[in-house]
file start-v8.cif (mmCIF, C-alpha atoms and all ligand atoms)
data_target
#
loop_
_atom_site.label_atom_id
_atom_site.label_comp_id
_atom_site.auth_asym_id
_atom_site.auth_seq_id
_atom_site.Cartn_x
_atom_site.Cartn_y
_atom_site.Cartn_z
CA MET T 29 77.37 -55.74 5.07
CA LYS T 30 77.38 -52.29 6.75
CA ILE T 31 75.24 -49.64 5.09
CA ALA T 32 73.66 -46.20 5.50
CA VAL T 33 70.05 -45.54 4.44
CA ILE T 34 68.93 -42.12 3.28
CA THR T 35 65.41 -41.19 2.19
CA GLY T 36 64.88 -38.06 0.09
CA ALA T 37 68.34 -38.57 -1.37
CA SER T 38 67.50 -37.12 -4.78
CA SER T 39 67.80 -33.48 -3.69
CA GLY T 40 68.47 -30.92 -0.99
CA MET T 41 69.58 -32.07 2.42
CA GLY T 42 69.06 -35.79 1.72
CA ARG T 43 71.45 -35.55 -1.22
CA GLU T 44 73.89 -33.59 0.92
CA PHE T 45 73.76 -36.30 3.62
CA VAL T 46 74.71 -38.89 1.00
CA THR T 47 77.79 -36.94 -0.11
CA GLN T 48 78.91 -36.16 3.44
CA ILE T 49 78.35 -39.75 4.65
CA ASP T 50 80.28 -40.98 1.61
CA ARG T 51 83.20 -38.71 2.50
CA ALA T 52 83.18 -39.49 6.22
CA TYR T 53 82.31 -43.20 6.27
CA GLY T 54 82.77 -44.41 2.69
CA ASP T 55 85.70 -46.62 3.72
CA ILE T 56 83.62 -48.61 6.23
CA LEU T 57 80.33 -48.79 4.31
CA SER T 58 79.66 -51.46 1.70
CA GLU T 59 76.77 -49.50 0.22
CA ILE T 60 74.56 -46.47 0.74
CA TRP T 61 70.89 -47.21 0.17
CA VAL T 62 69.03 -44.25 -1.26
CA LEU T 63 65.28 -43.81 -1.56
CA ALA T 64 63.36 -41.20 -3.57
CA ARG T 65 61.03 -41.16 -6.57
CA ARG T 66 63.37 -39.59 -9.17
CA LYS T 67 65.63 -42.39 -10.41
CA GLU T 68 67.67 -40.21 -12.78
CA ARG T 69 68.69 -37.97 -9.85
CA LEU T 70 69.88 -40.99 -7.86
CA GLU T 71 71.86 -42.21 -10.89
CA GLU T 72 73.51 -38.79 -11.25
CA LEU T 73 74.46 -38.89 -7.58
CA GLN T 74 76.32 -42.17 -8.05
CA LYS T 75 78.72 -40.40 -10.45
CA GLU T 76 79.75 -38.01 -7.68
CA ILE T 77 80.47 -40.44 -4.86
CA LYS T 78 82.65 -43.51 -4.45
CA THR T 79 80.46 -45.71 -2.20
CA PRO T 80 78.15 -47.94 -4.29
CA LEU T 81 74.55 -46.75 -4.14
CA ARG T 82 71.65 -49.19 -4.01
CA MET T 83 68.81 -47.21 -5.52
CA PHE T 84 65.18 -47.54 -4.56
CA SER T 85 63.23 -45.36 -6.91
CA VAL T 86 60.06 -45.49 -4.84
CA ASP T 87 57.23 -43.33 -3.64
CA LEU T 88 57.38 -43.93 0.11
CA THR T 89 53.66 -43.36 0.45
CA LYS T 90 52.86 -46.26 -1.91
CA ASP T 91 53.26 -49.53 -0.05
CA SER T 92 53.46 -51.53 -3.30
CA GLU T 93 56.61 -49.53 -4.24
CA TYR T 94 58.01 -49.20 -0.72
CA GLU T 95 58.11 -52.96 -0.17
CA GLU T 96 61.05 -53.14 -2.59
CA TYR T 97 63.04 -51.67 0.32
CA THR T 98 61.71 -53.96 3.07
CA LYS T 99 62.22 -57.01 0.85
CA ALA T 100 65.87 -56.01 0.28
CA LEU T 101 66.37 -55.61 4.05
CA GLU T 102 64.92 -59.08 4.68
CA LYS T 103 66.96 -60.67 1.93
CA LEU T 104 70.36 -59.04 2.52
CA LYS T 105 70.10 -58.49 6.29
CA PRO T 106 72.51 -55.53 6.34
CA SER T 107 73.72 -53.72 9.42
CA VAL T 108 72.35 -50.17 9.13
CA GLY T 109 74.85 -47.77 10.72
CA ILE T 110 73.02 -44.55 9.84
CA LEU T 111 69.40 -43.95 8.91
CA VAL T 112 68.51 -40.47 7.63
CA ASN T 113 64.81 -39.72 7.16
CA SER T 114 64.88 -36.70 4.86
CA SER T 115 61.91 -37.24 2.51
CA GLY T 116 59.32 -34.60 3.19
CA PHE T 117 57.50 -31.61 1.78
CA GLY T 118 55.44 -28.60 2.83
CA LYS T 119 52.90 -26.28 1.18
CA ILE T 120 52.59 -22.65 2.22
CA GLY T 121 49.12 -21.18 2.57
CA THR T 122 46.20 -21.21 4.93
CA PHE T 123 44.72 -24.61 5.75
CA GLN T 124 41.90 -24.01 3.27
CA GLU T 125 44.07 -22.50 0.53
CA VAL T 126 46.16 -25.68 0.46
CA SER T 127 44.19 -28.52 -1.15
CA LYS T 128 42.78 -31.30 0.99
CA GLY T 129 44.95 -33.75 -0.97
CA SER T 130 48.16 -31.81 -0.24
CA ASN T 131 47.32 -31.38 3.45
CA LEU T 132 46.78 -35.13 3.81
CA ALA T 133 49.81 -35.99 1.68
CA MET T 134 52.06 -33.96 4.01
CA ILE T 135 50.87 -36.03 6.97
CA GLU T 136 51.25 -39.22 4.96
CA LEU T 137 54.87 -38.57 3.91
CA ASN T 138 56.25 -36.49 6.78
CA CYS T 139 54.74 -38.58 9.60
CA HIS T 140 53.42 -41.91 8.37
CA SER T 141 56.27 -42.78 5.97
CA LEU T 142 58.99 -41.58 8.36
CA THR T 143 57.52 -43.78 11.10
CA LYS T 144 57.21 -46.74 8.73
CA VAL T 145 60.81 -46.49 7.50
CA THR T 146 62.11 -46.15 11.07
CA TYR T 147 60.07 -49.12 12.28
CA ASP T 148 61.17 -51.38 9.43
CA THR T 149 64.83 -50.35 9.63
CA LEU T 150 65.34 -50.54 13.40
CA PRO T 151 65.62 -54.36 13.57
CA PHE T 152 68.70 -53.99 11.34
CA MET T 153 70.42 -51.41 13.55
CA LYS T 154 72.99 -52.34 16.17
CA LYS T 155 74.80 -50.66 19.06
CA GLY T 156 76.40 -47.40 17.90
CA ALA T 157 73.94 -46.82 15.05
CA ARG T 158 72.36 -43.39 14.46
CA ILE T 159 68.95 -42.20 13.36
CA ILE T 160 68.74 -38.68 11.95
CA ASN T 161 65.21 -37.36 11.41
CA LEU T 162 64.52 -34.16 9.49
CA ALA T 163 62.12 -32.16 11.62
CA SER T 164 62.23 -28.35 11.34
CA SER T 165 62.23 -25.20 13.45
CA ALA T 166 58.55 -25.20 12.43
CA ALA T 167 58.25 -27.92 15.09
CA PHE T 168 58.86 -25.43 17.89
CA LEU T 169 55.42 -23.83 17.73
CA PRO T 170 52.29 -23.74 15.54
CA GLN T 171 52.65 -21.79 12.28
CA PRO T 172 49.72 -19.98 10.67
CA ARG T 173 49.90 -20.41 6.84
CA PHE T 174 52.03 -23.53 7.37
CA ALA T 175 49.69 -25.21 9.85
CA VAL T 176 49.71 -28.83 8.74
CA TYR T 177 53.40 -28.80 7.81
CA ALA T 178 54.40 -27.39 11.22
CA ALA T 179 52.19 -29.96 12.94
CA THR T 180 53.87 -32.81 11.03
CA LYS T 181 57.28 -31.53 12.11
CA SER T 182 56.16 -31.29 15.75
CA TYR T 183 55.29 -34.95 15.41
CA VAL T 184 58.77 -35.75 14.07
CA LEU T 185 60.46 -33.83 16.91
CA SER T 186 58.30 -35.37 19.64
CA PHE T 187 58.61 -38.88 18.19
CA SER T 188 62.40 -38.56 17.83
CA ARG T 189 62.93 -37.28 21.38
CA ALA T 190 60.92 -40.12 22.91
CA LEU T 191 62.50 -42.75 20.68
CA LYS T 192 65.95 -41.59 21.74
CA TYR T 193 65.15 -42.57 25.33
CA GLU T 194 63.64 -45.89 24.32
CA LEU T 195 66.79 -46.74 22.38
CA THR T 196 69.29 -45.70 25.04
CA SER T 197 69.66 -49.28 26.26
CA ARG T 198 70.43 -50.40 22.69
CA LYS T 199 72.96 -47.53 22.38
CA ILE T 200 71.30 -46.22 19.22
CA SER T 201 71.12 -42.43 19.02
CA VAL T 202 68.27 -40.37 17.57
CA THR T 203 68.77 -36.79 16.44
CA ALA T 204 66.00 -34.50 15.24
CA VAL T 205 67.32 -31.87 12.82
CA CYS T 206 65.45 -28.58 13.23
CA PRO T 207 66.67 -26.04 10.69
CA GLY T 208 64.92 -22.85 9.72
CA PRO T 209 64.56 -22.15 6.00
CA VAL T 210 67.25 -23.91 3.91
CA LYS T 211 68.05 -23.18 0.27
CA THR T 212 66.82 -26.35 -1.51
CA GLU T 213 64.12 -27.40 -3.98
CA PHE T 214 61.78 -27.52 -0.97
CA PHE T 215 60.54 -24.03 -1.85
CA ASP T 216 59.75 -24.95 -5.49
CA ILE T 217 56.96 -27.08 -4.04
CA ALA T 218 56.23 -25.03 -0.91
CA GLU T 219 55.79 -21.77 -2.84
CA GLU T 220 53.62 -23.18 -5.63
CA ASN T 221 50.70 -20.93 -4.70
CA ASN T 222 52.00 -18.70 -1.89
CA GLN T 223 55.32 -17.03 -1.08
CA ILE T 224 57.25 -17.57 2.17
CA ALA T 225 57.27 -14.69 4.64
CA PHE T 226 59.97 -12.09 3.93
CA TYR T 227 61.73 -12.64 7.27
CA LYS T 228 62.27 -16.31 6.42
CA LYS T 229 64.19 -15.30 3.27
CA ILE T 230 66.62 -13.30 5.42
CA VAL T 231 67.64 -16.35 7.47
CA MET T 232 67.85 -18.83 4.58
CA ALA T 233 70.66 -21.32 5.37
CA ASP T 234 73.01 -23.35 3.23
CA ALA T 235 72.20 -27.10 3.04
CA ARG T 236 75.85 -28.13 3.29
CA LYS T 237 76.32 -26.29 6.60
CA VAL T 238 73.04 -27.54 8.09
CA VAL T 239 74.01 -31.14 7.26
CA GLU T 240 77.57 -30.69 8.57
CA LYS T 241 76.15 -29.58 11.90
CA ALA T 242 73.57 -32.39 11.92
CA MET T 243 76.28 -34.99 11.28
CA ALA T 244 78.45 -33.56 14.07
CA ASP T 245 75.51 -33.39 16.51
CA ALA T 246 74.42 -36.96 15.68
CA LYS T 247 77.98 -38.18 16.22
CA ILE T 248 77.93 -36.94 19.81
CA GLY T 249 74.39 -38.22 20.37
CA LYS T 250 72.58 -34.88 20.64
CA SER T 251 68.80 -35.18 20.58
CA LYS T 252 68.36 -31.98 18.55
CA SER T 253 70.40 -30.20 15.92
CA VAL T 254 69.54 -26.55 15.41
CA TYR T 255 71.70 -24.73 12.88
CA GLY T 256 72.52 -21.03 13.20
CA LEU T 257 72.02 -18.31 15.78
CA PRO T 258 68.66 -17.05 14.44
CA MET T 259 67.03 -20.49 14.83
CA GLN T 260 68.72 -21.13 18.18
CA ALA T 261 67.31 -17.79 19.36
CA PHE T 262 63.90 -18.70 17.89
CA GLU T 263 63.90 -21.96 19.84
CA ILE T 264 64.64 -20.14 23.11
CA LEU T 265 61.97 -17.53 22.30
CA SER T 266 59.42 -20.27 21.67
CA LYS T 267 60.13 -21.65 25.15
CA ILE T 268 59.87 -18.40 27.10
CA VAL T 269 57.34 -16.21 25.26
CA PRO T 270 53.67 -17.31 25.27
CA HIS T 271 52.90 -18.87 21.89
CA GLU T 272 49.76 -16.76 21.50
CA ALA T 273 51.89 -13.59 21.46
CA ILE T 274 54.35 -14.98 18.89
CA LEU T 275 51.51 -16.29 16.72
CA LYS T 276 49.84 -12.88 16.70
CA ILE T 277 53.03 -11.25 15.40
CA MET T 278 53.78 -14.03 12.91
CA SER T 279 50.29 -13.93 11.43
CA GLN T 280 50.66 -10.19 10.75
CA TRP T 281 54.04 -10.57 8.97
CA LYS T 282 53.60 -12.02 5.51
N1 LIG T 301 64.36 -26.60 2.99
C1 LIG T 301 63.87 -26.15 4.14
O1 LIG T 301 63.68 -24.94 4.34
C2 LIG T 301 63.60 -27.12 5.27
C3 LIG T 301 63.62 -26.61 6.58
C4 LIG T 301 63.38 -27.47 7.63
C5 LIG T 301 63.14 -28.81 7.40
N2 LIG T 301 63.11 -29.29 6.12
C6 LIG T 301 62.83 -30.72 5.94
O2 LIG T 301 64.01 -31.33 5.49
C7 LIG T 301 63.68 -32.46 4.66
C8 LIG T 301 64.44 -32.34 3.35
O3 LIG T 301 63.96 -31.20 2.67
P1 LIG T 301 64.81 -30.45 1.56
O4 LIG T 301 64.87 -29.04 1.94
O5 LIG T 301 66.05 -31.18 1.28
O6 LIG T 301 63.77 -30.55 0.35
P2 LIG T 301 63.89 -31.15 -1.11
O7 LIG T 301 65.14 -30.72 -1.76
O8 LIG T 301 62.58 -30.82 -1.78
O9 LIG T 301 63.98 -32.72 -0.84
C9 LIG T 301 62.87 -33.49 -0.49
C10 LIG T 301 63.17 -34.94 -0.81
O10 LIG T 301 62.01 -35.72 -0.48
C11 LIG T 301 61.78 -36.64 -1.52
N3 LIG T 301 60.36 -37.00 -1.60
C12 LIG T 301 59.31 -36.17 -1.75
N4 LIG T 301 58.17 -36.85 -1.85
C13 LIG T 301 58.52 -38.18 -1.74
C14 LIG T 301 57.79 -39.40 -1.76
N5 LIG T 301 56.46 -39.42 -1.90
N6 LIG T 301 58.47 -40.57 -1.64
C15 LIG T 301 59.83 -40.57 -1.50
N7 LIG T 301 60.56 -39.45 -1.45
C16 LIG T 301 59.91 -38.27 -1.58
C17 LIG T 301 62.22 -35.90 -2.78
O11 LIG T 301 62.57 -36.83 -3.80
P3 LIG T 301 61.68 -37.18 -5.09
O12 LIG T 301 60.95 -35.94 -5.49
O13 LIG T 301 62.70 -37.64 -6.08
O14 LIG T 301 60.78 -38.26 -4.63
C18 LIG T 301 63.46 -35.19 -2.28
O15 LIG T 301 64.58 -36.03 -2.39
C19 LIG T 301 62.17 -32.47 4.54
O16 LIG T 301 61.64 -33.39 5.46
C20 LIG T 301 61.77 -31.05 4.90
O17 LIG T 301 60.48 -31.00 5.44
C21 LIG T 301 63.34 -28.47 5.06
#

call {"tool": "encode", "arguments": {"input": "start-v8.cif", "output": "structure tokens"}}
result
Amino acid sequence: MKIAVITGASSGMGREFVTQIDRAYGDILSEIWVLARRKERLEELQKEIKTPLRMFSVDLTKDSEYEEYTKALEKLKPSVGILVNSSGFGKIGTFQEVSKGSNLAMIELNCHSLTKVTYDTLPFMKKGARIINLASSAAFLPQPRFAVYAATKSYVLSFSRALKYELTSRKISVTAVCPGPVKTEFFDIAEENNQIAFYKKIVMADARKVVEKAMADAKIGKSKSVYGLPMQAFEILSKIVPHEAILKIMSQWK
């Protein structure tokens, strides 16, 4: 039984990964396993794709719910060809404007759950399999007013790059996807109390295109997928200009 596993499949880029994986690999996959809390969204998604979905309507941060997934892995022993870790969220605002609960929940979902899913899924991945982790261009340097979120994404990028080397001998690739702002429901949550900076609105990307590039980059085993010239330029800038100087400018632009 060959499958793909996608977390955060109920909206945005996770949902887009499901539709693109269905189109590209539907004929060789028995099922696509999708994880997210909103069951009705996962059921709607099934109507749009041909590959059977196995739905795990779970909160990844709640172990009692999450174990539905690990139990299914143990029972069915599938071969996981693609794992996409897309579940994640961010809250805009200074560290102290964002509640303590939300700051900790970002770390819990974006870092802890992503690590947990990867760890539990890896024993079911064989030569040629791919891991695609949703990091962000926020991983490239610290971000005032997005401090904890950016730190969680630095974790995802660092973890993914190291894991790629560890898995070279098993011929399993790991790609960290590092987009700038993408038009999804992400901002419904992120902008609950504070708006994103104006310059981020200008470079807002389309989820379909970001995922197309991520799929193509993962296919050729790239360690990082950065969509669009503005974010590619931002990555270079973050490598050559001292971070203190960039942070000064960024903290003045709201
Ligand atoms: N949009 C952007 O600008 C942007 C840019 C760079 C990186 N990213 C990253 O890309 C990933 C996907 O974001 P997106 O833009 O597609 O946002 P999105 O549309 O809000 O999707 C987030 C997904 O995460 C799931 N999720 C949230 N909390 C969860 C939980 N506790 N347990 C299980 N699933 C949970 C949501 O499903 P339920 O609510 O149904 O649980 C949803 O499917 C995230 O990791 C995000 O940090 C986004």

call {"tool": "atom_distance", "arguments": {"input": "start-v8.cif", "atom1": "CA of Asp245 (chain T)", "atom2": "CA of Asn138 (chain T)"}}
result
21.8 Å

call {"tool": "atom_distance", "arguments": {"input": "start-v8.cif", "atom1": "atom C19 of ligand LIG 301 (chain T)", "atom2": "CA of Thr35 (chain T)"}}
result
9.6 Å

call {"tool": "closest_residue", "arguments": {"input": "start-v8.cif", "among": "T:Phe214, T:Tyr227, T:Tyr94, T:Phe187", "to": "Gly42 (chain T)", "atoms": "only C-alpha atoms"}}
result
T:Phe214

call {"tool": "closest_residue", "arguments": {"input": "start-v8.cif", "among": "T:Lys75, T:Lys30, T:Lys228, T:Lys103", "to": "ligand LIG 301 (chain T)", "atoms": "all atoms listed in the file"}}
result
T:Lys228

call {"tool": "residues_near_ligand", "arguments": {"input": "start-v8.cif", "ligand": "ligand LIG 301 (chain T)", "cutoff": "6 Å", "atoms": "only C-alpha atoms and all ligand atoms", "output": "list in words"}}
result
Gly36, Ala37, Ser38, Ser39, Gly40, Met41, Gly42, Ala64, Arg65, Arg66, Val86, Asp87, Leu88, Thr89, Ser114, Ser115, Gly116, Phe117, Leu162, Ala163, Ser164, Pro207, Gly208, Pro209, Val210, Lys211, Thr212, Glu213 and Phe214 of chain T

call {"tool": "residues_around", "arguments": {"input": "start-v8.cif", "residues": "Thr196 (chain T)", "least_positions_apart": "2", "cutoff": "12 Å", "atoms": "only C-alpha atoms", "output": "PyMOL selection string"}}
result
chain T and resi 154-158+189-194+198-202+249+251

call {"tool": "closest_residue", "arguments": {"input": "start-v8.cif", "among": "T:Met29, T:Arg69, T:Asn221, T:Leu142", "to": "Ser107 (chain T)", "atoms": "only C-alpha atoms"}}
result
T:Met29

call {"tool": "atom_distance", "arguments": {"input": "start-v8.cif", "atom1": "CA of Ser253 (chain T)", "atom2": "CA of Glu71 (chain T)"}}
result
29.4 Å

call {"tool": "residues_near_point", "arguments": {"input": "start-v8.cif", "point": "(50.0, -23.0, 7.1)", "cutoff": "8 Å", "atoms": "all atoms listed in the file", "output": "list of chain:residue names"}}
result
T:Lys119, T:Ile120, T:Gly121, T:Thr122, T:Phe123, T:Gln171, T:Pro172, T:Arg173, T:Phe174, T:Ala175, T:Val176, T:Tyr177, T:Ala178

call {"tool": "residues_around", "arguments": {"input": "start-v8.cif", "residues": "Val239 (chain T)", "least_positions_apart": "3", "cutoff": "9 Å", "atoms": "only C-alpha atoms", "output": "mmCIF file with C-alpha atoms, in the coordinates of the input"}}
result
data_model
loop_
_atom_site.group_PDB
_atom_site.id
_atom_site.type_symbol
_atom_site.label_atom_id
_atom_site.label_comp_id
_atom_site.auth_asym_id
_atom_site.auth_seq_id
_atom_site.Cartn_x
_atom_site.Cartn_y
_atom_site.Cartn_z
ATOM 1 C CA MET T 41 69.580 -32.070 2.420
ATOM 2 C CA GLY T 42 69.060 -35.790 1.720
ATOM 3 C CA GLU T 44 73.890 -33.590 0.920
ATOM 4 C CA PHE T 45 73.760 -36.300 3.620
ATOM 5 C CA GLN T 48 78.910 -36.160 3.440
ATOM 6 C CA VAL T 205 67.320 -31.870 12.820
ATOM 7 C CA ASP T 234 73.010 -23.350 3.230
ATOM 8 C CA ALA T 235 72.200 -27.100 3.040
ATOM 9 C CA ARG T 236 75.850 -28.130 3.290
ATOM 10 C CA ALA T 242 73.570 -32.390 11.920
ATOM 11 C CA MET T 243 76.280 -34.990 11.280
ATOM 12 C CA ALA T 244 78.450 -33.560 14.070
ATOM 13 C CA TYR T 255 71.700 -24.730 12.880
#

call {"tool": "residues_around", "arguments": {"input": "start-v8.cif", "residues": "region 182-186 of chain T", "least_positions_apart": "6", "cutoff": "7 Å", "atoms": "all atoms listed in the file", "output": "PyMOL selection string"}}
result
chain T and resi 139+163+167-168+204

call {"tool": "residues_around", "arguments": {"input": "start-v8.cif", "residues": "Leu169 (chain T)", "least_positions_apart": "6", "cutoff": "12 Å", "atoms": "all atoms listed in the file", "output": "PyMOL selection string"}}
result
chain T and resi 175-183+185+206+262-275+278

call {"tool": "axis_aligned_box", "arguments": {"input": "start-v8.cif", "around": "region 182-201 of chain T", "padding_each_side": "8 Å", "output": "JSON"}}
result
{"center_x": 64.1, "center_y": -40.8, "center_z": 20.2, "size_x": 33.7, "size_y": 35.1, "size_z": 28.2}

call {"tool": "closest_residue", "arguments": {"input": "start-v8.cif", "among": "T:Ile135, T:Leu57, T:Leu63, T:Leu111", "to": "Phe152 (chain T)", "atoms": "only C-alpha atoms"}}
result
T:Leu111
